[in-house]
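Encoded as structure tokens, the structure appears first; notes follow it.
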Amino acid sequence: MKNKFPISVHLALTFVGLCVALYMIFLYAPEEMTMGEVQRIFYIHVPSAWTALLGFVIIFISSIIYLWKRSRFADELASATAEVGFIFCTCVLVTGPLWAKPAWGIWWTWDARLTLTFLLWLLYVAYLMLRSYIINPGRAANLSAVVGIIGFVDVIIDYMAIRWWRTQHPQPVILGGPNSGLDPRMLATLLVSWGAFLILFSLLVRVRLRLAQMRRELGDIRHVLAFKASED
Amino acid sequence: MASLKIIWNIFVKDLRVEWRNRETLASMCVFGLLIVFLFNFAFEGAREETLRLLPAVLWVAIAFAGVLGFNRSFASERENACLEGMTLAPVDPSLIFVGKMLANMLFLGVAEVVMAFAAALWYNFSFLPALGQLVLIAFFGTLGYAALGTIFGAIAANTRMREVMLTVLQFPIAFWILMLSIDSTAEALRGNPGGDWFGGVARVAGISLVFTIASFLLFEYVLEE
């Protein structure tokens, strides 16, 4: 893995991907009719949201693998993904209001998807706080895996519950949703942008994973040295 | 049968500990009463709206009082290494979970009765017309909330700032239990214009059961050293 696909190539690929995405966002994609230039933030906003959601799916799967196989890698992957996913989720919450204000006239509304994203963000916060507050590091993996799994159950329940809840609370009409018939060039831009975001996401997770592994190795070395010192 | 006995023993143990100091129950009830009392004056300007806000007031009070109790549930076990003792006992950790969850449910249930009584008194309101339905909603809402509170209480007992940690875990994840309970309670108090009173209870019960089962299955990993 390390030799076939060095991190420098990964970095270069991220750079090229993001450049292509930026070109497509600002020059290739046609201007949206009702919202104008503001709509272009959509190509940052939506891919971030998909990536943030994917992040929690990865946390869920690695948590299960950790509890099942006790693989340290799965635990480190969940930890790294949570940190990177949190950034993408924050990005969704920052770009959303920037777009909503000119498009809808308000910064925020408790619409289904907004509520979901906010809950997802809270879950990321809870998961990361738990990881850094655990007293005995030996139990961190177990406890965060449990929260990772229950948290994902919560994400699924959010999808169902928001529909039950909404049936009783009619939502304000939202103007200009991008759902109705997307121009093929817009769709292409969206997908390319998501691709670039995914490469960036995997790069960040990879760097974070390497850090975790180095930390673990350092801990092992220290352990051995302390043991040797006590023998002498 | 044997597992029922283990659950019963843990449940009774928690009740006995509680009976000796009465700290958890007293603080939950007083805290809940204070929240209902504060909201009563906070909503002074919207007196005619108060009855519409009552379900929200009650469930927010339940949510906060619950967190207070769940924190103590495992924090007290750590004090004299009781938790280690229970972990070492040759029983299925899931049964420990059920026993403690039932105790937490009972404490929260008592606090709920006290709060509901105070709300009825202070807001001049009767819960009696929809009592059966409200009891069902409260039962299932409390079940899910206490299940999450028990497992998160056990997790938070392993962290620094455990009071904060429990709240941060509990509120986003128990969010829908609370929201749907508020919704169904409001529906029940309005007298169910749609006539579909079963739907509200079923939704709360469905979500609560999902979280209860998930917590039950995962609890053994929380105790594992």
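Chain lettering (A, B, ...) mirrors the order of the structure tokens, residue numbering begins at 1 for each chain separately, and ligand numbering begins at 1 in order of display.
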Report as a ChimeraX atom specification all protein, DNA and RNA residues lying within 12 Å of Ala126 in chain A, evaluated on only C-alpha atoms, omitting residues in the same chain fewer than 2 positions from it.
/A:82-83,86,119-124,128-133,144,147-148,150-151 /B:152,156,164-173
Convert the current residue selection to file output with C-alpha atoms, as a PDB file, in the first residue's frame.
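Here's the written file part-v7.pdb:
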ATOM      1  CA  ALA A  82     -14.557  11.171  13.296  1.00  0.00           C
ATOM      2  CA  GLU A  83     -12.096  14.054  13.320  1.00  0.00           C
ATOM      3  CA  PHE A  86     -16.538  16.565  11.969  1.00  0.00           C
ATOM      4  CA  LEU A 119     -27.992  16.274  14.973  1.00  0.00           C
ATOM      5  CA  LEU A 120     -25.207  14.599  12.995  1.00  0.00           C
ATOM      6  CA  TRP A 121     -22.885  17.423  14.026  1.00  0.00           C
ATOM      7  CA  LEU A 122     -23.880  16.985  17.683  1.00  0.00           C
ATOM      8  CA  LEU A 123     -23.154  13.263  17.381  1.00  0.00           C
ATOM      9  CA  TYR A 124     -19.690  14.002  16.009  1.00  0.00           C
ATOM     10  CA  LEU A 128     -14.978  13.328  19.813  1.00  0.00           C
ATOM     11  CA  MET A 129     -15.527  14.653  23.342  1.00  0.00           C
ATOM     12  CA  LEU A 130     -15.895  11.113  24.638  1.00  0.00           C
ATOM     13  CA  ARG A 131     -12.641  10.091  22.952  1.00  0.00           C
ATOM     14  CA  SER A 132     -10.707  12.884  24.589  1.00  0.00           C
ATOM     15  CA  TYR A 133     -12.302  12.651  28.060  1.00  0.00           C
ATOM     16  CA  SER A 144     -16.287   4.864  21.672  1.00  0.00           C
ATOM     17  CA  VAL A 147     -21.229   5.193  21.109  1.00  0.00           C
ATOM     18  CA  GLY A 148     -20.352   4.950  17.408  1.00  0.00           C
ATOM     19  CA  ILE A 150     -25.706   3.727  18.999  1.00  0.00           C
ATOM     20  CA  GLY A 151     -24.987   7.047  17.289  1.00  0.00           C
TER      21      GLY A 151
ATOM     22  CA  PHE B 152     -24.366   6.367  28.791  1.00  0.00           C
ATOM     23  CA  ALA B 156     -19.633   8.607  31.325  1.00  0.00           C
ATOM     24  CA  VAL B 164     -21.145  17.025  31.016  1.00  0.00           C
ATOM     25  CA  MET B 165     -20.297  13.879  29.094  1.00  0.00           C
ATOM     26  CA  LEU B 166     -23.582  12.187  29.967  1.00  0.00           C
ATOM     27  CA  THR B 167     -25.590  15.216  28.850  1.00  0.00           C
ATOM     28  CA  VAL B 168     -23.652  15.562  25.617  1.00  0.00           C
ATOM     29  CA  LEU B 169     -24.278  11.896  24.781  1.00  0.00           C
ATOM     30  CA  GLN B 170     -27.827  11.665  26.069  1.00  0.00           C
ATOM     31  CA  PHE B 171     -29.547  14.685  24.547  1.00  0.00           C
ATOM     32  CA  PRO B 172     -28.705  14.316  20.834  1.00  0.00           C
ATOM     33  CA  ILE B 173     -29.363  10.577  20.872  1.00  0.00           C
TER      34      ILE B 173
END
Distance limit 8 Å, atoms considered: only C-alpha atoms. Which chain B residues sit that close to chain A? Return them as an mmCIF file with C-alpha atoms, in the first residue's frame.
data_model
loop_
_atom_site.group_PDB
_atom_site.id
_atom_site.type_symbol
_atom_site.label_atom_id
_atom_site.label_comp_id
_atom_site.auth_asym_id
_atom_site.auth_seq_id
_atom_site.Cartn_x
_atom_site.Cartn_y
_atom_site.Cartn_z
ATOM 1 C CA ILE B 155 -19.811 5.144 29.769
ATOM 2 C CA ASN B 158 -15.197 6.361 32.808
ATOM 3 C CA THR B 159 -14.565 9.950 31.784
ATOM 4 C CA ARG B 160 -13.464 13.234 33.252
ATOM 5 C CA MET B 161 -16.328 15.722 33.636
ATOM 6 C CA MET B 165 -20.297 13.879 29.094
ATOM 7 C CA VAL B 168 -23.652 15.562 25.617
ATOM 8 C CA LEU B 169 -24.278 11.896 24.781
ATOM 9 C CA PRO B 172 -28.705 14.316 20.834
ATOM 10 C CA ILE B 173 -29.363 10.577 20.872
ATOM 11 C CA TRP B 176 -36.447 11.762 19.156
ATOM 12 C CA LEU B 180 -42.121 12.183 19.923
ATOM 13 C CA ILE B 207 -38.149 4.202 18.996
ATOM 14 C CA PHE B 211 -32.715 2.034 21.671
ATOM 15 C CA ALA B 214 -29.336 -1.647 21.128
ATOM 16 C CA SER B 215 -28.240 -0.635 24.641
ATOM 17 C CA LEU B 218 -23.930 -3.349 23.597
ATOM 18 C CA TYR B 221 -18.657 -4.077 25.938
ATOM 19 C CA VAL B 222 -19.006 -1.137 28.303
ATOM 20 C CA GLU B 224 -15.415 -5.149 29.693
ATOM 21 C CA GLU B 225 -11.928 -4.272 30.939
#
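The space between CA of Trp59 in chain B and CA of Ser184 in chain B spans 11.2 Å.
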CA of Gly195 in chain A to CA of Gly17 in chain A measures 7.6 Å
Leaving out range 129-133 of chain B and any residue of its chain fewer than 5 positions from it, which residues lie within 9 Å of it when counting only C-alpha atoms, given as a count of residues only?
8
Could you list, as a list in words, every residue within 10 Å of Leu4 in chain B, counting only C-alpha atoms and ignoring same-chain residues fewer than 6 positions away?
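Using only C-alpha atoms, the neighbours found are Leu95, Val98 and Gly99 of chain B.
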Using DSSP on the backbone coordinates, identify the residues of range 29-199 of chain B assigned to alpha helix (DSSP H); present them as an NGL selection string.
:B and (29-42 or 50-79 or 82-88 or 93-122 or 131-156 or 162-173 or 175-190 or 197-199)
Write out as a compact mmCIF listing (two decimals) with N, CA and C atoms, in the first residue's frame each polymer residue whose atoms come within 7 Å of Ser181 in chain B, counting only C-alpha atoms; drop sequence neighbours fewer than 2 positions from it.
# COMPACT_ATOMS: atom_id res chain seq x y z
N ILE B 137 -47.63 6.49 27.19
CA ILE B 137 -46.58 7.32 26.57
C ILE B 137 -45.43 7.50 27.56
N GLY B 141 -41.73 6.21 26.84
CA GLY B 141 -40.75 7.29 26.77
C GLY B 141 -39.68 7.10 27.83
N ILE B 177 -36.81 10.46 21.17
CA ILE B 177 -37.68 9.93 22.22
C ILE B 177 -38.42 11.09 22.87
N LEU B 178 -37.66 12.16 23.17
CA LEU B 178 -38.28 13.32 23.81
C LEU B 178 -39.27 14.01 22.88
N MET B 179 -38.85 14.26 21.62
CA MET B 179 -39.71 14.99 20.71
C MET B 179 -41.01 14.25 20.45
N ASP B 183 -44.81 15.28 21.45
CA ASP B 183 -45.84 15.31 20.42
C ASP B 183 -47.05 14.46 20.80
N SER B 184 -46.79 13.25 21.25
CA SER B 184 -47.91 12.36 21.58
C SER B 184 -48.64 12.85 22.82
N THR B 185 -47.88 13.41 23.79
CA THR B 185 -48.53 13.92 24.98
C THR B 185 -49.45 15.08 24.61
N VAL B 204 -43.60 6.30 19.91
CA VAL B 204 -42.72 6.41 21.09
C VAL B 204 -42.20 5.02 21.46
